[in-house]
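Student: Below is the structure I would like to discuss, written out as structure tokens.
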Amino acid sequence: MRISVEGLACRRGERLLFSNLSFSLASGEALVVTGRNGAGKSSLIAMLAGRLAPAAGEIRAEGIGEATLAEVTNHVGHKEGLKAALTAEENLAFARAMLGRPRMSPREALARVGLARAADLPAGYLSAGQRRRVALARLFVSHRPLWLLDEPTSALDAASQARLAGIMREHLAEGGLIIAATHAPLGLEGAKTLDIDAHAPGSGASGAVQGDEA
Ligand SMILES: Nc1ncnc2c1ncn2[C@@H]1O[C@H](COP(=O)(O)OP(=O)(O)OP(=O)(O)O)[C@@H](O)[C@H]1O
């Protein structure tokens with residue numbers, strides 16, 4: 001699979017956030033998106049997830065057969081999107097039914113993020129870091145090659161961040177793709193990087209994607 005973005009621009013309300021943004025990502029590759037608060041990282045992720053229309057440019061996917069980009073994408077947003085009254089397991093069962101292409105069971109997915117013992121607790125009882133791990137467990141309940149992650153390490157302790165780095169490396173080794181917006185290093189050596197600030201109005205946007213993750 002390959003995702004190609006050409007000349008993308010984003011407008012929110014009256015404000016142009018970024019323009020002339022281009023990159024291409026193939027199976028096994030990751031792109032780490034950085035930029036100041038409000039630069040438009042979450043907006044870019046929302047565009048790639050099909051939740052926000054670009055002001056200009058296009059997003060193309062190759063190698064996905066008859067599927068749409070949305071159907072091969074697993075998006076873990078800035079907000080966890082969990083139902084507080086449902087248990088961790090029930091939240092993941094709901095996500096599994098919504099996403100289709102079933103992979104692991106909810107309990108297996110929770111074990112993968114080190115939360116097996118929290119399966120029967122309502123999501124509303126979980127700590128911020130635990131809720132984030134339940135959200136990340138959604139990545140395992142469905143076979144979807146493109147992972148779009150918005151601040152994936154937010155609220156995670158050091159051990160959980162290291163576990164997430166391992167999970168992401170495994171996904172890339174299996175031919176997956178990852179696009180992650182973050183303020184923190186993700187431990188993805190060799191990832192491409194994209195600084196959205198370089199595409200802000202008046203910055204002389206070059207459209208270039210840089211080399212390895214800093
Ligand atoms: N629905 C909306 N209507 C108008 N403006 C919006 C809307 N949603 C977001 N914005 C604005 O767009 C800008 C970019 O927001 P976005 O969340 O994409 O930034 P970000 O780079 O992810 O920031 P952060 O690092 O703080 O998470 C912000 O100024 C925000 O207020």
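Chain identifiers are assigned as A, B, and so on, following the order in which chains appear in the structure tokens; residues are numbered from 1 within each chain, and ligands are numbered from 1 in order of appearance.
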Do a neighbour search on Leu172 of chain A at 10 Å with only C-alpha atoms, toss out local chain neighbours closer than 2 positions, and write the hits as a PyMOL selection string.
Tutor: chain A and resi 27-30+145-147+166-170+174-178+188
Student: Which neighbours of Leu186 of chain A fall inside 8 Å, counting only C-alpha atoms, when residues of the same chain fewer than 3 positions from it are skipped, and could you give them as a list in words?
Tutor: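 Near neighbours after the sequence-gap exclusion: Thr153, Gln161, Ala165 and Thr182 of chain A.
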Student: I'd like the interatomic distance between atom CA of Asn91 of chain A and atom CA of Lys79 of chain A, to a tenth of an Å.
Tutor: 14.2 Å
Student: Could you please extract the residues within 7 Å of ligand 1, counting only C-alpha atoms and all ligand atoms, and hand them back as a VMD selection string?
Tutor: chain A and resid 12 to 13 17 35 to 44
Student: Give me, please, the distance in Å between atom CA of Ala128 of chain A and atom CA of Ala159 of chain A, quoted to one decimal.
Tutor: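 For atom CA of Ala128 of chain A relative to atom CA of Ala159 of chain A, the distance reads 14.8 Å.
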Student: Have a look at atom CA of Arg131 of chain A and atom CA of His75 of chain A and let me know their distance in Å, one decimal.
Tutor: 15.3 Å
Student: Tell me which of A:Ala158, A:Ser142, A:Glu58, A:Arg112 sits closest to Gly129 of chain A, counting only C-alpha atoms.
Tutor: A:Ala158
